[in-house]
>>> print(open('protein-v2.csv').read())   # CSV, C-alpha atoms and all ligand atoms
chain,number,residue,atom,x,y,z
O,1,MET,CA,84.1,102.1,94.3
O,2,THR,CA,84.7,102.2,90.5
O,3,GLU,CA,87.3,104.5,89.1
O,4,ALA,CA,85.9,107.6,87.5
O,5,VAL,CA,86.7,107.9,83.8
O,6,LEU,CA,86.4,110.5,81.2
O,7,LYS,CA,85.1,109.2,77.9
O,8,LEU,CA,85.6,111.0,74.6
O,9,THR,CA,83.8,110.0,71.4
O,10,ILE,CA,84.9,111.3,68.1
O,11,LEU,CA,81.6,112.5,66.6
O,12,GLY,CA,83.3,113.8,63.5
O,13,SER,CA,86.9,113.5,62.3
O,14,GLY,CA,86.5,115.4,59.0
O,15,THR,CA,87.5,118.8,57.7
O,16,SER,CA,85.0,121.5,56.8
O,17,THR,CA,83.8,119.7,53.6
O,18,GLY,CA,83.4,116.3,55.2
O,19,VAL,CA,84.6,113.2,53.4
O,20,PRO,CA,83.5,112.2,50.9
O,21,VAL,CA,83.8,115.6,49.4
O,22,LEU,CA,80.7,116.5,47.3
O,23,GLY,CA,81.4,115.7,43.6
O,24,CYS,CA,84.8,114.0,44.4
O,25,HIS,CA,85.5,110.4,43.2
O,26,CYS,CA,89.0,109.9,44.5
O,27,ALA,CA,89.9,106.6,46.1
O,28,VAL,CA,89.2,107.9,49.7
O,29,CYS,CA,85.9,109.6,48.8
O,30,SER,CA,84.9,106.3,47.0
O,31,SER,CA,86.2,104.1,49.8
O,32,THR,CA,83.9,101.6,51.6
O,33,ASP,CA,86.0,101.7,54.7
O,34,PRO,CA,83.9,103.5,57.3
O,35,ARG,CA,87.1,105.1,58.8
O,36,ASN,CA,87.3,107.1,55.5
O,37,ASN,CA,83.8,108.5,55.9
O,38,ARG,CA,84.3,111.7,57.9
O,39,THR,CA,81.6,114.0,59.2
O,40,ARG,CA,82.4,117.5,60.3
O,41,CYS,CA,84.8,117.9,63.3
O,42,SER,CA,83.2,117.5,66.8
O,43,ALA,CA,83.5,115.4,69.9
O,44,LEU,CA,81.5,114.4,72.9
O,45,ILE,CA,83.1,114.1,76.3
O,46,GLU,CA,81.3,112.4,79.2
O,47,TRP,CA,82.0,112.1,82.9
O,48,SER,CA,79.7,111.3,85.9
O,49,ASP,CA,76.7,110.8,83.6
O,50,HIS,CA,77.1,114.2,82.1
O,51,LYS,CA,77.4,114.7,78.3
O,52,VAL,CA,79.4,117.7,77.1
O,53,LEU,CA,79.5,118.5,73.4
O,54,ILE,CA,82.5,120.2,71.9
O,55,ASP,CA,81.1,122.2,69.0
O,56,THR,CA,77.8,121.6,67.2
O,57,ALA,CA,79.1,120.5,63.8
O,58,THR,CA,77.1,120.8,60.6
O,59,ASP,CA,76.5,117.0,60.9
O,60,PHE,CA,75.4,117.1,64.6
O,61,ARG,CA,72.0,115.6,64.1
O,62,HIS,CA,73.4,112.7,62.1
O,63,GLN,CA,76.2,112.2,64.7
O,64,ALA,CA,73.7,112.2,67.6
O,65,LEU,CA,71.5,109.6,65.9
O,66,ARG,CA,74.6,107.4,65.1
O,67,GLN,CA,76.0,107.6,68.6
O,68,GLY,CA,72.6,107.4,70.4
O,69,ILE,CA,73.0,110.9,72.1
O,70,GLU,CA,69.7,111.6,73.9
O,71,GLN,CA,71.0,114.3,76.3
O,72,VAL,CA,73.3,117.3,76.0
O,73,ASP,CA,74.2,118.9,79.3
O,74,SER,CA,76.6,121.6,78.1
O,75,VAL,CA,78.4,122.8,74.9
O,76,LEU,CA,82.0,124.0,74.6
O,77,TYR,CA,82.7,126.0,71.4
O,78,THR,CA,86.2,126.1,69.9
O,79,HIS,CA,85.4,128.9,67.5
O,80,ALA,CA,82.6,130.1,65.2
O,81,HIS,CA,83.5,128.7,61.8
O,82,ALA,CA,80.6,127.2,60.0
O,83,ASP,CA,81.7,123.5,60.2
O,84,HIS,CA,81.8,123.8,64.0
O,85,VAL,CA,78.6,125.6,64.8
O,86,HIS,CA,76.0,125.0,62.0
O,87,GLY,CA,74.4,122.1,63.8
O,88,ILE,CA,73.3,124.4,66.6
O,89,ASP,CA,69.6,124.3,65.8
O,90,ASP,CA,69.4,120.6,66.7
O,91,LEU,CA,70.1,121.4,70.3
O,92,ARG,CA,66.4,122.5,70.2
O,93,THR,CA,65.2,119.0,70.6
O,94,PHE,CA,67.1,118.5,73.8
O,95,THR,CA,66.0,121.8,75.4
O,96,LEU,CA,62.3,121.1,74.4
O,97,THR,CA,62.6,117.7,76.3
O,98,THR,CA,64.0,119.2,79.4
O,99,GLY,CA,62.7,122.7,79.4
O,100,GLN,CA,66.1,123.8,80.6
O,101,ALA,CA,68.6,126.1,78.9
O,102,ILE,CA,71.9,124.4,78.0
O,103,PRO,CA,75.0,126.1,79.4
O,104,VAL,CA,77.3,127.1,76.5
O,105,PHE,CA,80.9,128.0,77.0
O,106,ALA,CA,83.1,129.9,74.5
O,107,ALA,CA,85.3,133.0,74.1
O,108,ARG,CA,83.3,136.2,74.3
O,109,SER,CA,84.1,136.9,70.6
O,110,VAL,CA,82.7,133.5,69.6
O,111,LEU,CA,79.5,134.0,71.6
O,112,ASP,CA,79.0,137.4,69.9
O,113,ARG,CA,79.5,135.8,66.5
O,114,VAL,CA,77.0,133.0,67.3
O,115,GLN,CA,74.5,135.5,68.5
O,116,GLY,CA,75.0,137.4,65.2
O,117,LEU,CA,74.8,134.3,63.0
O,118,PHE,CA,71.8,132.8,64.8
O,119,SER,CA,69.9,135.8,66.0
O,120,TYR,CA,66.5,133.9,66.0
O,121,ILE,CA,67.8,131.8,68.9
O,122,PHE,CA,68.2,134.8,71.1
O,123,CYS,CA,64.9,136.5,70.2
O,124,GLU,CA,63.0,136.2,73.4
O,125,THR,CA,59.7,137.0,71.8
O,126,ASP,CA,59.9,133.9,69.5
O,127,ALA,CA,58.2,130.8,70.8
O,128,PRO,CA,60.7,128.5,72.5
O,129,GLY,CA,59.7,125.5,70.3
O,130,TYR,CA,61.4,127.2,67.3
O,131,ARG,CA,64.8,127.9,68.9
O,132,PRO,CA,67.2,126.1,71.2
O,133,ARG,CA,67.4,127.6,74.7
O,134,LEU,CA,71.0,128.4,75.5
O,135,GLN,CA,72.7,130.0,78.4
O,136,LEU,CA,75.9,131.8,77.3
O,137,ASN,CA,79.0,131.8,79.4
O,138,PRO,CA,82.1,133.7,78.2
O,139,VAL,CA,85.3,132.0,79.3
O,140,ASP,CA,88.7,133.6,79.9
O,141,GLY,CA,90.3,130.9,82.0
O,142,PRO,CA,89.7,127.5,83.7
O,143,PHE,CA,86.1,126.9,85.0
O,144,GLY,CA,84.3,124.2,86.9
O,145,LEU,CA,81.8,122.0,85.2
O,146,PHE,CA,80.0,119.0,86.8
O,147,GLY,CA,82.7,118.6,89.4
O,148,GLN,CA,85.7,118.8,87.0
O,149,GLN,CA,88.0,121.6,86.0
O,150,VAL,CA,87.8,122.5,82.3
O,151,THR,CA,90.8,124.4,81.0
O,152,PRO,CA,90.5,126.4,77.8
O,153,ILE,CA,93.6,126.4,75.7
O,154,PRO,CA,94.1,129.5,73.6
O,155,LEU,CA,95.2,128.6,70.0
O,156,VAL,CA,96.2,130.3,66.8
O,157,HIS,CA,94.0,129.4,63.8
O,158,GLY,CA,95.5,131.1,60.8
O,159,PHE,CA,94.5,134.7,61.0
O,160,GLY,CA,92.0,134.0,63.8
O,161,GLU,CA,91.9,132.2,67.1
O,162,SER,CA,90.4,129.1,68.6
O,163,LEU,CA,90.1,127.5,72.0
O,164,GLY,CA,91.1,123.9,72.8
O,165,TYR,CA,89.8,122.3,76.0
O,166,ARG,CA,91.4,120.1,78.6
O,167,VAL,CA,89.7,118.0,81.2
O,168,GLY,CA,91.9,115.8,83.4
O,169,SER,CA,94.7,114.3,81.2
O,170,LEU,CA,92.8,114.7,78.0
O,171,ALA,CA,93.0,117.7,75.6
O,172,TYR,CA,91.0,118.4,72.5
O,173,VAL,CA,92.9,120.9,70.3
O,174,VAL,CA,91.2,122.1,67.1
O,175,ASP,CA,91.4,124.2,64.9
O,176,CYS,CA,94.9,125.4,65.1
O,177,SER,CA,98.0,126.3,63.2
O,178,ALA,CA,100.2,127.2,66.1
O,179,ILE,CA,100.2,127.0,69.9
O,180,PRO,CA,101.0,130.2,71.7
O,181,GLU,CA,103.9,130.1,74.2
O,182,SER,CA,101.6,130.6,77.2
O,183,SER,CA,99.4,127.6,76.2
O,184,TRP,CA,102.2,125.0,76.2
O,185,LYS,CA,102.2,124.8,80.0
O,186,LEU,CA,98.4,124.0,79.9
O,187,LEU,CA,99.2,120.9,77.9
O,188,GLN,CA,101.7,119.2,80.1
O,189,GLY,CA,101.2,115.7,81.5
O,190,LEU,CA,98.5,114.6,79.0
O,191,GLU,CA,97.6,111.0,78.4
O,192,VAL,CA,95.5,111.6,75.3
O,193,LEU,CA,95.8,114.5,72.8
O,194,VAL,CA,93.2,115.0,70.1
O,195,ILE,CA,94.7,117.4,67.6
O,196,ASP,CA,94.0,119.2,64.3
O,197,ALA,CA,96.0,117.5,61.5
O,198,LEU,CA,94.4,118.5,58.3
O,199,ARG,CA,96.5,116.8,55.6
O,200,PHE,CA,100.1,116.0,54.7
O,201,ARG,CA,100.7,119.3,53.0
O,202,GLU,CA,101.0,122.5,55.0
O,203,HIS,CA,98.1,124.8,55.4
O,204,GLN,CA,97.9,128.4,56.6
O,205,ALA,CA,95.2,127.8,59.2
O,206,HIS,CA,95.7,124.1,60.3
O,207,PHE,CA,98.5,121.9,61.5
O,208,SER,CA,99.7,119.4,58.9
O,209,ILE,CA,100.1,115.8,60.0
O,210,SER,CA,103.8,116.1,60.6
O,211,GLU,CA,103.4,119.4,62.5
O,212,ALA,CA,100.7,117.8,64.8
O,213,ILE,CA,103.0,114.8,65.4
O,214,GLU,CA,105.8,117.2,66.3
O,215,VAL,CA,103.6,118.9,68.8
O,216,ALA,CA,102.6,115.5,70.3
O,217,GLY,CA,106.3,114.6,70.5
O,218,GLN,CA,107.3,117.8,72.3
O,219,LEU,CA,104.5,117.2,74.8
O,220,GLN,CA,105.5,113.5,75.1
O,221,VAL,CA,101.9,112.4,74.9
O,222,PRO,CA,101.5,108.6,75.0
O,223,ARG,CA,98.5,108.6,72.7
O,224,THR,CA,97.6,111.1,70.0
O,225,LEU,CA,94.5,111.2,67.7
O,226,LEU,CA,94.8,113.2,64.5
O,227,THR,CA,91.5,114.7,63.5
O,228,HIS,CA,89.9,117.3,61.1
O,229,LEU,CA,91.2,115.2,58.3
O,230,THR,CA,90.7,115.8,54.5
O,231,HIS,CA,90.3,113.2,51.8
O,232,ASP,CA,94.1,113.1,51.4
O,233,ILE,CA,94.2,110.6,54.2
O,234,ASP,CA,93.4,107.0,53.4
O,235,HIS,CA,93.0,105.5,56.9
O,236,PRO,CA,94.1,101.9,56.3
O,237,ARG,CA,96.8,102.8,53.9
O,238,HIS,CA,98.4,105.7,55.7
O,239,SER,CA,98.0,104.5,59.3
O,240,SER,CA,101.1,102.3,59.1
O,241,ASP,CA,103.2,105.4,58.3
O,242,LEU,CA,102.4,107.0,61.6
O,243,PRO,CA,104.9,106.8,64.5
O,244,GLU,CA,104.0,104.8,67.6
O,245,GLY,CA,101.4,106.5,69.7
O,246,ALA,CA,99.8,108.5,66.9
O,247,GLU,CA,96.7,107.4,65.0
O,248,PHE,CA,94.1,108.9,62.7
O,249,ALA,CA,90.8,109.5,64.4
O,250,TYR,CA,87.7,108.1,62.9
O,251,ASP,CA,84.0,108.8,63.4
O,252,GLY,CA,82.6,106.9,66.4
O,253,GLN,CA,86.0,106.2,67.9
O,254,VAL,CA,86.0,106.1,71.7
O,255,VAL,CA,88.9,106.8,74.1
O,256,THR,CA,88.8,106.8,77.9
O,257,VAL,CA,91.2,108.2,80.5
O,258,PRO,CA,91.0,108.0,84.3
O,259,LEU,CA,89.7,111.1,86.0
O,260,PRO,CA,91.2,112.8,89.1
O,261,GLY,CA,89.1,112.7,92.2
O,262,GLY,CA,87.2,109.6,91.3
Y,301,ZN,ZN,87.2,123.4,61.3
Y,302,ZN,ZN,88.1,112.9,47.4
Y,303,ZN,ZN,88.1,126.7,61.7
>>> encode(input="protein-v2.csv", output="structure tokens", more="lines below")
Ligand SMILES: [Zn+2]
Ligand SMILES: [Zn+2]
Ligand SMILES: [Zn+2]
Amino acid sequence: MTEAVLKLTILGSGTSTGVPVLGCHCAVCSSTDPRNNRTRCSALIEWSDHKVLIDTATDFRHQALRQGIEQVDSVLYTHAHADHVHGIDDLRTFTLTTGQAIPVFAARSVLDRVQGLFSYIFCETDAPGYRPRLQLNPVDGPFGLFGQQVTPIPLVHGFGESLGYRVGSLAYVVDCSAIPESSWKLLQGLEVLVIDALRFREHQAHFSISEAIEVAGQLQVPRTLLTHLTHDIDHPRHSSDLPEGAEFAYDGQVVTVPLPGG
């Protein structure tokens, strides 16, 4: 029997503007290194032949083409900022193929916001071909999905809130500027942490690189991927400055961890 694994693909490692930033000609935005080319922040996690999307980023269609995603079995939303939800319409293609609604999980307030932003999706009188079919599930604690437990991690995101998600020993924690006291216990014993680390300078709504590294150190995580990166980060140039166990995420990067109960 082969060991069950959880596979995470970084679909997008960039901040809300993406990198290159429109109109910017800095060294990173002009770089030919593909690791400096960052689409909007999103990830795909896979286990037991199921593909679960974390957020539908603005660049979702491009990301799905690049990674060969031909199936989406569920979507977990972190929060409703534009860069994390605006690719939602491209779920339409997948629901047209299967005829099945995709189960979507998010905080109640995020689902309300998505329904407000994309009211056409939930207009039952419109033809299904013009809107993705989604089945909304508000989350307020751990839930089962395709045989695994998914644990939402409440986070502070500036003046708002966000949800990280944990499956097995992997946690995906964006967008966040602080981790509430009660969420630290949900992040113990991780093997891989993917965490918001916007840039070197501090920001009111995101961890800086040093703050994210400090969180990883406190949690004693062996491997940390820093994501949601701006054009301040030159992947090849700045990678050597990171402590052991920390790395800058890049689009298309894949990490795996063993899954319990395999
Ligand atoms: Zn964001
Ligand atoms: Zn730039
Ligand atoms: Zn955000």
>>> residues_near_ligand(input="protein-v2.csv", ligand="ligand ZN 301 (chain Y)", cutoff="8 Å", atoms="all atoms listed in the file", output="compact mmCIF listing (two decimals) with C-alpha atoms, in the frame of the given file")
# COMPACT_ATOMS: atom_id res chain seq x y z
CA THR O 15 87.50 118.80 57.70
CA SER O 16 85.00 121.50 56.80
CA ARG O 40 82.40 117.50 60.30
CA CYS O 41 84.80 117.90 63.30
CA HIS O 81 83.50 128.70 61.80
CA ALA O 82 80.60 127.20 60.00
CA ASP O 83 81.70 123.50 60.20
CA HIS O 84 81.80 123.80 64.00
CA VAL O 174 91.20 122.10 67.10
CA ASP O 175 91.40 124.20 64.90
CA HIS O 228 89.90 117.30 61.10
>>> closest_atom_pairs(input="protein-v2.csv", of="chain O", to="ligand ZN 302 (chain Y)", cutoff="9 Å", atoms="only C-alpha atoms and all ligand atoms", output="CSV")
residue,atom,partner,partner_atom,distance
O:Val19,CA,Y:ZN302,ZN,7.0
O:Pro20,CA,Y:ZN302,ZN,5.8
O:Val21,CA,Y:ZN302,ZN,5.5
O:Leu22,CA,Y:ZN302,ZN,8.2
O:Gly23,CA,Y:ZN302,ZN,8.2
O:Cys24,CA,Y:ZN302,ZN,4.6
O:His25,CA,Y:ZN302,ZN,5.5
O:Cys26,CA,Y:ZN302,ZN,4.3
O:Ala27,CA,Y:ZN302,ZN,6.7
O:Val28,CA,Y:ZN302,ZN,5.6
O:Cys29,CA,Y:ZN302,ZN,4.2
O:Ser30,CA,Y:ZN302,ZN,7.3
O:Thr230,CA,Y:ZN302,ZN,8.1
O:His231,CA,Y:ZN302,ZN,4.9
O:Asp232,CA,Y:ZN302,ZN,7.2
>>> residues_near_ligand(input="protein-v2.csv", ligand="ligand ZN 303 (chain Y)", cutoff="12 Å", atoms="all atoms listed in the file", output="PyMOL selection string")
chain O and resi 14-17+40-42+55+57+77-85+110+155-164+173-177+196+198+203-207+228
>>> closest_residue(input="protein-v2.csv", among="O:Leu11, O:Leu96, O:Val255, O:Leu76", to="Thr58 in chain O", atoms="only C-alpha atoms")
O:Leu11
>>> residues_near_point(input="protein-v2.csv", point="(70.1, 115.4, 74.0)", cutoff="6 Å", atoms="only C-alpha atoms", output="JSON, numbers by chain")
{"O": [69, 70, 71, 72, 94]}
>>> closest_atom_pairs(input="protein-v2.csv", of="range 26-77 of chain O", to="range 235-245 of chain O", cutoff="10 Å", atoms="only C-alpha atoms", output="tab-separated table")
residue	atom	partner	partner_atom	distance
O:Val28	CA	O:His235	CA	8.5
O:Ser31	CA	O:His235	CA	9.9
O:Asp33	CA	O:Pro236	CA	8.3
O:Pro34	CA	O:His235	CA	9.3
O:Arg35	CA	O:His235	CA	6.2
O:Asn36	CA	O:His235	CA	6.1
O:Asn37	CA	O:His235	CA	9.7
>>> residues_around(input="protein-v2.csv", residues="Gln188 in chain O", least_positions_apart="4", cutoff="10 Å", atoms="all atoms listed in the file", output="PDB file with C-alpha atoms, keeping the file's coordinate frame")
ATOM      1  CA  SER O 169      94.700 114.300  81.200  1.00  0.00           C
ATOM      2  CA  ALA O 171      93.000 117.700  75.600  1.00  0.00           C
ATOM      3  CA  SER O 183      99.400 127.600  76.200  1.00  0.00           C
ATOM      4  CA  TRP O 184     102.200 125.000  76.200  1.00  0.00           C
ATOM      5  CA  GLN O 218     107.300 117.800  72.300  1.00  0.00           C
ATOM      6  CA  LEU O 219     104.500 117.200  74.800  1.00  0.00           C
ATOM      7  CA  GLN O 220     105.500 113.500  75.100  1.00  0.00           C
ATOM      8  CA  VAL O 221     101.900 112.400  74.900  1.00  0.00           C
TER       9      VAL O 221
END
>>> residues_around(input="protein-v2.csv", residues="Gln63 in chain O", least_positions_apart="4", cutoff="9 Å", atoms="all atoms listed in the file", output="list in words")
Leu11, Gly12, Thr39, Ala57, Asp59, Gln67, Gly68, Ile69, Asp251 and Gly252 of chain O
>>> closest_residue(input="protein-v2.csv", among="O:Leu190, O:Val75, O:Asp89, O:Pro180", to="Pro258 in chain O", atoms="only C-alpha atoms")
O:Leu190
>>> closest_residue(input="protein-v2.csv", among="O:Glu124, O:Glu181, O:Asp234, O:Glu214", to="Phe248 in chain O", atoms="all atoms listed in the file")
O:Asp234
>>> closest_residue(input="protein-v2.csv", among="O:Ser210, O:Gln115, O:Thr32, O:Asp90", to="Leu65 in chain O", atoms="all atoms listed in the file")
O:Asp90
>>> atom_distance(input="protein-v2.csv", atom1="CA of Glu211 in chain O", atom2="CA of Ala197 in chain O")
7.7 Å
>>> decode(input="protein-v2.csv", residues="range 8-33 of chain O", atoms="N, CA, C and O atoms", output="mmCIF file, in the first residue's frame")
data_model
loop_
_atom_site.group_PDB
_atom_site.id
_atom_site.type_symbol
_atom_site.label_atom_id
_atom_site.label_comp_id
_atom_site.auth_asym_id
_atom_site.auth_seq_id
_atom_site.Cartn_x
_atom_site.Cartn_y
_atom_site.Cartn_z
ATOM 1 N N LEU O 8 0.604 20.102 -2.172
ATOM 2 C CA LEU O 8 0.198 21.502 -2.320
ATOM 3 C C LEU O 8 0.974 22.124 -3.477
ATOM 4 O O LEU O 8 2.188 21.981 -3.569
ATOM 5 N N THR O 9 0.249 22.775 -4.359
ATOM 6 C CA THR O 9 0.872 23.509 -5.455
ATOM 7 C C THR O 9 0.624 25.000 -5.237
ATOM 8 O O THR O 9 -0.527 25.414 -5.042
ATOM 9 N N ILE O 10 1.688 25.777 -5.244
ATOM 10 C CA ILE O 10 1.533 27.228 -5.188
ATOM 11 C C ILE O 10 1.053 27.691 -6.569
ATOM 12 O O ILE O 10 1.790 27.624 -7.546
ATOM 13 N N LEU O 11 -0.214 28.091 -6.652
ATOM 14 C CA LEU O 11 -0.733 28.577 -7.937
ATOM 15 C C LEU O 11 -0.272 30.009 -8.174
ATOM 16 O O LEU O 11 0.065 30.391 -9.289
ATOM 17 N N GLY O 12 -0.290 30.793 -7.094
ATOM 18 C CA GLY O 12 0.162 32.176 -7.194
ATOM 19 C C GLY O 12 0.863 32.569 -5.905
ATOM 20 O O GLY O 12 0.374 32.287 -4.814
ATOM 21 N N SER O 13 2.021 33.209 -6.041
ATOM 22 C CA SER O 13 2.823 33.601 -4.870
ATOM 23 C C SER O 13 2.867 35.120 -4.723
ATOM 24 O O SER O 13 3.639 35.642 -3.931
ATOM 25 N N GLY O 14 2.026 35.820 -5.502
ATOM 26 C CA GLY O 14 2.144 37.274 -5.551
ATOM 27 C C GLY O 14 1.118 38.016 -4.710
ATOM 28 O O GLY O 14 0.065 37.484 -4.354
ATOM 29 N N THR O 15 1.427 39.260 -4.449
ATOM 30 C CA THR O 15 0.498 40.128 -3.748
ATOM 31 C C THR O 15 -0.620 40.585 -4.702
ATOM 32 O O THR O 15 -0.701 40.132 -5.850
ATOM 33 N N SER O 16 -1.469 41.492 -4.229
ATOM 34 C CA SER O 16 -2.701 41.811 -4.957
ATOM 35 C C SER O 16 -2.468 42.399 -6.354
ATOM 36 O O SER O 16 -3.321 42.267 -7.226
ATOM 37 N N THR O 17 -1.325 43.028 -6.585
ATOM 38 C CA THR O 17 -1.038 43.604 -7.907
ATOM 39 C C THR O 17 -0.475 42.574 -8.873
ATOM 40 O O THR O 17 -0.448 42.807 -10.081
ATOM 41 N N GLY O 18 0.029 41.458 -8.344
ATOM 42 C CA GLY O 18 0.839 40.563 -9.142
ATOM 43 C C GLY O 18 2.205 41.184 -9.383
ATOM 44 O O GLY O 18 2.406 42.380 -9.134
ATOM 45 N N VAL O 19 3.151 40.367 -9.803
ATOM 46 C CA VAL O 19 4.498 40.831 -10.160
ATOM 47 C C VAL O 19 4.848 40.194 -11.506
ATOM 48 O O VAL O 19 4.777 38.967 -11.612
ATOM 49 N N PRO O 20 5.222 40.971 -12.556
ATOM 50 C CA PRO O 20 5.455 42.413 -12.524
ATOM 51 C C PRO O 20 4.197 43.243 -12.222
ATOM 52 O O PRO O 20 3.087 42.865 -12.586
ATOM 53 N N VAL O 21 4.449 44.382 -11.573
ATOM 54 C CA VAL O 21 3.403 45.364 -11.323
ATOM 55 C C VAL O 21 3.217 46.147 -12.621
ATOM 56 O O VAL O 21 4.196 46.511 -13.276
ATOM 57 N N LEU O 22 1.969 46.385 -12.988
ATOM 58 C CA LEU O 22 1.704 47.135 -14.220
ATOM 59 C C LEU O 22 2.449 48.472 -14.207
ATOM 60 O O LEU O 22 2.366 49.214 -13.230
ATOM 61 N N GLY O 23 3.202 48.742 -15.240
ATOM 62 C CA GLY O 23 3.886 50.023 -15.375
ATOM 63 C C GLY O 23 5.200 50.122 -14.625
ATOM 64 O O GLY O 23 5.868 51.152 -14.688
ATOM 65 N N CYS O 24 5.579 49.077 -13.899
ATOM 66 C CA CYS O 24 6.827 49.128 -13.124
ATOM 67 C C CYS O 24 7.968 48.499 -13.920
ATOM 68 O O CYS O 24 7.791 47.446 -14.541
ATOM 69 N N HIS O 25 9.134 49.135 -13.863
ATOM 70 C CA HIS O 25 10.300 48.629 -14.601
ATOM 71 C C HIS O 25 11.465 48.362 -13.655
ATOM 72 O O HIS O 25 12.620 48.453 -14.053
ATOM 73 N N CYS O 26 11.161 48.061 -12.396
ATOM 74 C CA CYS O 26 12.229 47.764 -11.442
ATOM 75 C C CYS O 26 12.916 46.448 -11.838
ATOM 76 O O CYS O 26 12.440 45.717 -12.719
ATOM 77 N N ALA O 27 14.007 46.132 -11.153
ATOM 78 C CA ALA O 27 14.805 44.944 -11.512
ATOM 79 C C ALA O 27 13.981 43.660 -11.397
ATOM 80 O O ALA O 27 14.106 42.757 -12.234
ATOM 81 N N VAL O 28 13.113 43.579 -10.385
ATOM 82 C CA VAL O 28 12.320 42.355 -10.200
ATOM 83 C C VAL O 28 11.214 42.270 -11.254
ATOM 84 O O VAL O 28 10.989 41.216 -11.855
ATOM 85 N N CYS O 29 10.546 43.395 -11.496
ATOM 86 C CA CYS O 29 9.477 43.394 -12.503
ATOM 87 C C CYS O 29 10.029 43.151 -13.916
ATOM 88 O O CYS O 29 9.302 42.681 -14.786
ATOM 89 N N SER O 30 11.297 43.459 -14.120
ATOM 90 C CA SER O 30 11.930 43.249 -15.433
ATOM 91 C C SER O 30 12.669 41.909 -15.498
ATOM 92 O O SER O 30 13.225 41.556 -16.543
ATOM 93 N N SER O 31 12.700 41.193 -14.391
ATOM 94 C CA SER O 31 13.492 39.963 -14.290
ATOM 95 C C SER O 31 12.985 38.880 -15.238
ATOM 96 O O SER O 31 11.783 38.745 -15.466
ATOM 97 N N THR O 32 13.906 38.091 -15.764
ATOM 98 C CA THR O 32 13.517 36.954 -16.602
ATOM 99 C C THR O 32 13.468 35.659 -15.790
ATOM 100 O O THR O 32 13.123 34.604 -16.325
ATOM 101 N N ASP O 33 13.818 35.736 -14.507
ATOM 102 C CA ASP O 33 13.737 34.548 -13.642
ATOM 103 C C ASP O 33 12.254 34.258 -13.373
ATOM 104 O O ASP O 33 11.549 35.108 -12.835
#
